[in-house]
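Participant: A single structure is presented below for examination.
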There are 4 protein chains.
Amino acid sequence: MNMENTPQTPEQEIEELRATQTLTRRAVSPGMEEHLYTIHPVLDHGFVRVIDYMGDDAAITQAARVSYGKGTKAVSNDEGLIRYLMRHWHSTPFEMCEIKLHVKLPVFVARQWIRHRTANVNEYSARYSILDREFYIPAVEDLAAQSTTNNQGRGDTLEGEEAQRVLNYLRDDAMRAYDHYEEMISQDGQQGLARELARMNLPANIYTQWYWKVDLHNLFHFLRLRADAHAQYEIRVYADEICRLVKDWVPYAYSAFEDYRLGGATLSGKALDCVRRMLAGEEVTQETSGMSKGEWREFRGVLNDPG
Amino acid sequence: MNMENTPQTPEQEIEELRATQTLTRRAVSPGMEEHLYTIHPVLDHGFVRVIDYMGDDAAITQAARVSYGKGTKAVSNDEGLIRYLMRHWHSTPFEMCEIKLHVKLPVFVARQWIRHRTANVNEYSARYSILDREFYIPAVEDLAAQSTTNNQGRGDTLEGEEAQRVLNYLRDDAMRAYDHYEEMISQDGQQGLARELARMNLPANIYTQWYWKVDLHNLFHFLRLRADAHAQYEIRVYADEICRLVKDWVPYAYSAFEDYRLGGATLSGKALDCVRRMLAGEEVTQETSGMSKGEWREFRGVLNDPG
Amino acid sequence: MNMENTPQTPEQEIEELRATQTLTRRAVSPGMEEHLYTIHPVLDHGFVRVIDYMGDDAAITQAARVSYGKGTKAVSNDEGLIRYLMRHWHSTPFEMCEIKLHVKLPVFVARQWIRHRTANVNEYSARYSILDREFYIPAVEDLAAQSTTNNQGRGDTLEGEEAQRVLNYLRDDAMRAYDHYEEMISQDGQQGLARELARMNLPANIYTQWYWKVDLHNLFHFLRLRADAHAQYEIRVYADEICRLVKDWVPYAYSAFEDYRLGGATLSGKALDCVRRMLAGEEVTQETSGMSKGEWREFRGVLNDPG
Amino acid sequence: MNMENTPQTPEQEIEELRATQTLTRRAVSPGMEEHLYTIHPVLDHGFVRVIDYMGDDAAITQAARVSYGKGTKAVSNDEGLIRYLMRHWHSTPFEMCEIKLHVKLPVFVARQWIRHRTANVNEYSARYSILDREFYIPAVEDLAAQSTTNNQGRGDTLEGEEAQRVLNYLRDDAMRAYDHYEEMISQDGQQGLARELARMNLPANIYTQWYWKVDLHNLFHFLRLRADAHAQYEIRVYADEICRLVKDWVPYAYSAFEDYRLGGATLSGKALDCVRRMLAGEEVTQETSGMSKGEWREFRGVLNDPG
């Protein structure tokens, strides 16, 4: 069992890596090279950091051209071909790019994130190691009330005394839980509880970290769901940050994703029928639309119409 | 739009289902029918309950016979064929069986469990709903100390005052965290914090629940890792319980799994070489084995030899 | 090695299974029970046959209610909830249903089909067994010419002599290839080429068969791509047949799928903007749309407008 | 819209890429850089070519150290840690490396290969493009007879006239099938059959090509099955070639894989019991082993004992 005198943290080790550059024959994305290893802060103690990547915009079209052969020559440039692939749901060429991120995030965010199964994950293990005393405490302006109209959403920001009480609870409970965690695992004058047990005392706003590796197609799927207005704010800020990184990594692919996925919408057969009737001059109401009230409200929302 | 006068809990709804039996043309496993919908308690508040299953031992050999055609006729019976398939890592026939479980488990166990990605999951959402006041508090005999020789393991059981202090911390912190959770989301005389935020105050020993659906091959992989002596006790008891269910569901497949996976061991090329030399009468030591000390210790363990 | 006197074909074995019905506590779909084990012919020698299934419409909402808890009580009935889940891309409840099909299909169709990776497959092995002399020979009306405008599509039907020549080539080459296959593997007066080698002489219109097991969410994804007008006819007929089966299995889910996926369309941000402008009375042309010519043509197609 | 005067083949495009080297901050594997873009011939017309890679040996231990934290400090060097991870089936750190290959291979090999689902694939599409006139014709010494003892294997090499007849069939049928393929799709004086149909006339020894991207853990799984003595020769030569590449890419990981997987063996509980009894001096026979004849034969094989 090695007890090195000057233990380097993983962060320091990574920082060192950034110092050197090496020649490679591989595809290089200049925009991404700039971001490599740099910490992009998210929330109060979290971050996103790119550890590695594979491929660039040209890698997408290169794969598509092997796939579709001469069929792809008709589209004269990379950007056009990438837009075509995205529009027609040809997902496999996007799978040819890969990214590896180092992410530090609260446990309750990690629990949402991990629902996306088509990725590789190495998470810091509280079974083997001791967690740090770092908790997410929301900024006052992010202390949202439960929505009164929607089980799934947030309403207005909490105010005054109520906000202060919430912050106090979150802070005090976290600190006390961590004090007891430390006390339970301490081997000073006692046996010390196993780490794999002691961790159960820690609340879901404690920070964890992981390496997360995913291909571009599945990353876009993740971003479409998590960079969306309906996603919880605390995961959306991570998705937003990753969007900025992807934009610099594969600008054509990101731009197509923005237009066709983030900014797009899927209309049902009924909704398309309504659009056609409306364009033909017909006055369509919820009653004549064939849609439920909920669907109609969402449809009007897509058309930016208070209807 | 809430219409229910007498809201049924999901548990009650499921209980009702058990009352009726219907005719089906599908493969039926008599052993599993007995378990369907029955709660099998695990830990202090957890459980495993079979919600549905697809296939039986015969479904495995049926798929293998479509695959390997006449090649499988040489093995004269289902049990022999299933052992053959398991021994030779022919995994696809085992994928032809599927099971759906309803599991109630502490969050820190759920976080280990979800690492197995090849399964379908529907978890109770603390974003939409309010969690119950139920926490895992270990039995006194399960309060293990950190191992002094192994970062990853447990040592002796805590004793006396130390054990009592740990139990007090776990109970008191959980209760206080839940009191504050309830207080924060309360809309009584205040706005009430959004549930998706309030949940972050809850510790990792709170219980959650999910539907977990997986094919038999991937379930065996899960069980091999989690019904193992090195797995954390709190997930192992779930794996052990599932083992008992699988044994009644597909007895031949489970028996093969027990012999070839649970009770088996993988020897390296070096270890096989040592076995051959030892069988030829040679005295082999760690120094002459070509193995590291750790490997040698594990190898002697497999041979049940203190060596 | 058993040499049974009256070898049963897998087909006969399956047919026998259909004779008996057994009581089960599991969810039963009456519509699907009718289809179980029945051969649904596709193309000239192919078929689709349901071997097993798990779950029904109620299994989808049951999982959603465990997930979203009281949040789902607002939607008063199963059909409404299923439509809500489909509309908002909540895919995990649909993963709670599973289907196992026995499919007989030409190899070139199997090669497209297998691209969908999230399924379990047991294919008849030409390495172990001898393939039957069965080839897909298109009906005359399905002998389509290469599209002159689209690398990926079909044009008009071939006519007269050309059609006849194609049919002759396909038939004669298949028969000759199979004659030689048989001759090469024959052990009559010679050693006989290994089956795993001899199979390489067989063309891609020979029939193979497999068991294919998939969850409902991934099946819908498959059907959306393969029951589409742009899919190759020879795989589309399989997808169409499976659509009919799914409709009887989970009628609410299928109806939602039909409206939101099969009959729906995804509009890009640019396209939505155009719709909004057109509804506001503006005359929008390709030039003012911000779309490329290809996009604009497809957009007009969605609106059923020759534009 | 075809604009190219001097159409570059994908091969030429890739060759060009090799000319330039660029600075990168990413992990670089010197051994792999040497192989990048170089064609490694396999069979008569096939090849394996590395298009891109992510990570090196250090990337595996880096991920493990984030995961297991201080727990990994006990193992003092990268090689020891990698061996430890492999021995204890800690697969996620190996998933942190990724490789992208360009492979040209006969269709019947591709059909085996694609059974490994945890990879990304872009295959040359015979629906969109025209296949080349290239077929795998085995060398005379690879013309194996069907095994007389094993449905799944090869026996001796074919001799004399029989071998010649097989070669003639394979060559002539392939050439004739391709002649007719070309004739059917020709638009010279006729409409020309759609490519997506014409391809069905081509036998399974025609060459196809694809980009195949996979992480190191899943690649090892592929190699364990396909670089095995029981794998079909025609896929094994690809696996062997990839083994050589991986050895230069991640030498420590490959060496651990070689010892623990390729050169290792899994013994059942019964087999381990026999080893223990044999080491204790007992004479164990098939009858007293508890194993079937087949298992016993395989067990004696592992011990290199004709038994």
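Chain labels run A, B, ... following the order of the structure tokens; each chain numbers its residues from 1, and ligands are numbered from 1 in the order shown.
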Please extract the residues of segment 54-234 of chain B with a backbone DSSP assignment of alpha helix (DSSP H) and present them as a ChimeraX atom specification.
Facilitator: /B:57-68,78-87,107-113,160-185,195-198,216-226,233-234
Participant: Using only C-alpha atoms, find which residues of chain C lie within 7 Å of chain D and jot them down as a compact mmCIF listing (two decimals) with C-alpha atoms, in the first residue's frame.
Facilitator:
```
# COMPACT_ATOMS: atom_id res chain seq x y z
CA PHE C 108 -31.10 -9.05 -47.73
CA ARG C 117 -29.57 -3.21 -32.30
CA ARG C 127 -22.87 -22.70 -40.01
CA TYR C 128 -24.45 -25.58 -38.13
CA ALA C 144 -39.28 -1.78 -59.89
CA ALA C 145 -36.80 0.18 -61.95
CA GLN C 146 -34.13 2.34 -60.33
CA ASN C 151 -30.45 7.29 -55.71
CA GLN C 152 -32.37 5.63 -52.93
CA ARG C 154 -37.65 2.90 -57.00
CA LEU C 158 -40.25 -3.00 -65.32
CA VAL C 166 -34.78 -10.29 -64.57
CA TYR C 169 -31.83 -14.48 -63.90
CA LEU C 170 -33.05 -14.42 -60.32
CA ASP C 173 -29.01 -18.17 -60.56
CA ALA C 177 -26.30 -21.72 -56.67
CA HIS C 180 -23.92 -26.38 -56.25
CA MET C 184 -20.48 -29.18 -52.38
CA GLN C 191 -15.53 -35.52 -48.12
CA GLY C 192 -18.05 -32.71 -48.42
CA LEU C 193 -17.27 -29.02 -47.95
CA ALA C 194 -17.89 -27.55 -44.48
CA ARG C 195 -21.33 -25.95 -44.25
CA MET C 200 -21.07 -18.42 -49.12
CA ASN C 201 -22.31 -19.52 -52.53
CA LEU C 202 -25.94 -18.67 -51.72
CA PRO C 203 -27.47 -15.40 -52.90
CA ALA C 204 -29.07 -12.78 -50.65
CA ASN C 205 -32.64 -13.68 -51.65
```
Participant: Can you pull out every residue from segment 84-288 of chain B that DSSP, working from the backbone, puts in strand (DSSP E or B), and format the result as number ranges by chain?
Facilitator: B: 98-106, 120-123, 135, 144-146, 154-157, 193, 203, 206-215, 265-267
Participant: For segment 79-87 of chain B, work out the shell of residues within 8 Å, counting only C-alpha atoms and skipping chain neighbours fewer than 6 positions away, then give it as a ChimeraX atom specification.
Facilitator: /B:60-61,72,252-253,256-257,260
Participant: Next, the residues of the selection above should be written as an mmCIF file, in the first residue's frame with N, CA and C atoms.
Facilitator:
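Below is the file that was written, out-v8.cif:
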```
data_model
loop_
_atom_site.group_PDB
_atom_site.id
_atom_site.type_symbol
_atom_site.label_atom_id
_atom_site.label_comp_id
_atom_site.auth_asym_id
_atom_site.auth_seq_id
_atom_site.Cartn_x
_atom_site.Cartn_y
_atom_site.Cartn_z
ATOM 1 N N ILE B 60 -36.020 -21.413 -23.823
ATOM 2 C CA ILE B 60 -34.584 -21.273 -24.096
ATOM 3 C C ILE B 60 -34.140 -22.299 -25.135
ATOM 4 N N THR B 61 -34.538 -23.535 -24.935
ATOM 5 C CA THR B 61 -34.115 -24.575 -25.877
ATOM 6 C C THR B 61 -34.836 -24.417 -27.214
ATOM 7 N N THR B 72 -28.570 -29.232 -32.600
ATOM 8 C CA THR B 72 -28.958 -29.369 -31.198
ATOM 9 C C THR B 72 -29.643 -30.695 -30.902
ATOM 10 N N TYR B 252 -33.789 -25.416 -14.736
ATOM 11 C CA TYR B 252 -32.598 -25.937 -15.433
ATOM 12 C C TYR B 252 -31.583 -24.823 -15.666
ATOM 13 N N ALA B 253 -32.075 -23.691 -16.136
ATOM 14 C CA ALA B 253 -31.166 -22.579 -16.426
ATOM 15 C C ALA B 253 -30.502 -22.102 -15.135
ATOM 16 N N ALA B 256 -27.751 -24.527 -14.055
ATOM 17 C CA ALA B 256 -26.546 -24.363 -14.878
ATOM 18 C C ALA B 256 -25.799 -23.094 -14.473
ATOM 19 N N PHE B 257 -26.542 -22.034 -14.238
ATOM 20 C CA PHE B 257 -25.943 -20.768 -13.801
ATOM 21 C C PHE B 257 -25.193 -20.955 -12.479
ATOM 22 N N TYR B 260 -21.941 -23.134 -13.308
ATOM 23 C CA TYR B 260 -20.928 -22.556 -14.202
ATOM 24 C C TYR B 260 -20.548 -21.129 -13.855
#
```
Participant: With a distance cut-off of 7 Å and only C-alpha atoms, select the neighbouring residues of Tyr53 of chain B, excluding the residue or stretch itself and same-chain residues fewer than 3 positions from it, and output the selection as number ranges by chain.
Facilitator: B: 98-100; C: 54
Participant: For a test of reading the model, state the distance in Å between atom CA of Gln164 of chain B and atom CA of Glu141 of chain B, rounded to one decimal.
Facilitator: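 Computing it gives 11.5 Å between the two atoms.
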Participant: Counting only C-alpha atoms, which residue out of A:Asp44, A:Tyr207, A:Tyr254, A:Arg300 sits closest to Leu219 of chain A?
Facilitator: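 Selected residue with least distance to Leu219 of chain A: A:Tyr254.
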Participant: Could you check how far atom CA of Val48 of chain D sits from atom CA of Lys213 of chain D, in Å to one decimal?
Facilitator: 12.4 Å
Participant: Mind checking which residues fall within 8 Å of Val42 of chain D, counting only C-alpha atoms, ignoring those fewer than 3 positions away in the same chain, and posting them as a ChimeraX atom specification?
Facilitator: /D:45-48,237-238,241
Participant: Any idea what's packed within 10 Å of Leu23 of chain C, counting only C-alpha atoms, ignoring anything in its chain fewer than 5 positions away? Could you give it as number ranges by chain?
Facilitator: B: 20-26, 28, 30, 33
Participant: Counting only C-alpha atoms, what is within 9 Å of Val302 of chain D, bar same-chain residues fewer than 3 positions away, as number ranges by chain?
Facilitator: B: 272; D: 265, 297-299, 305
Participant: Next, the residues of the selection above should be written as a PDB file, in the first residue's frame with N, CA and C atoms.
Facilitator:
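See result_10.pdb below for the written result:
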```
ATOM      1  N   LEU B 272      -3.735 -21.511 -14.905  1.00  0.00           N
ATOM      2  CA  LEU B 272      -3.926 -22.831 -15.498  1.00  0.00           C
ATOM      3  C   LEU B 272      -2.596 -23.568 -15.600  1.00  0.00           C
TER       4      LEU B 272
ATOM      5  N   ALA D 265      -9.443 -19.774 -18.655  1.00  0.00           N
ATOM      6  CA  ALA D 265     -10.593 -20.647 -18.842  1.00  0.00           C
ATOM      7  C   ALA D 265     -11.471 -20.546 -17.612  1.00  0.00           C
ATOM      8  N   ARG D 297     -14.680 -34.237 -21.085  1.00  0.00           N
ATOM      9  CA  ARG D 297     -13.721 -34.168 -22.180  1.00  0.00           C
ATOM     10  C   ARG D 297     -13.140 -32.754 -22.275  1.00  0.00           C
ATOM     11  N   GLU D 298     -14.015 -31.770 -22.187  1.00  0.00           N
ATOM     12  CA  GLU D 298     -13.542 -30.386 -22.258  1.00  0.00           C
ATOM     13  C   GLU D 298     -12.652 -30.044 -21.060  1.00  0.00           C
ATOM     14  N   PHE D 299     -13.023 -30.544 -19.906  1.00  0.00           N
ATOM     15  CA  PHE D 299     -12.245 -30.300 -18.686  1.00  0.00           C
ATOM     16  C   PHE D 299     -10.842 -30.890 -18.819  1.00  0.00           C
ATOM     17  N   ASP D 305      -4.779 -32.835 -20.802  1.00  0.00           N
ATOM     18  CA  ASP D 305      -4.612 -34.215 -20.366  1.00  0.00           C
ATOM     19  C   ASP D 305      -5.530 -35.082 -21.220  1.00  0.00           C
TER      20      ASP D 305
END
```
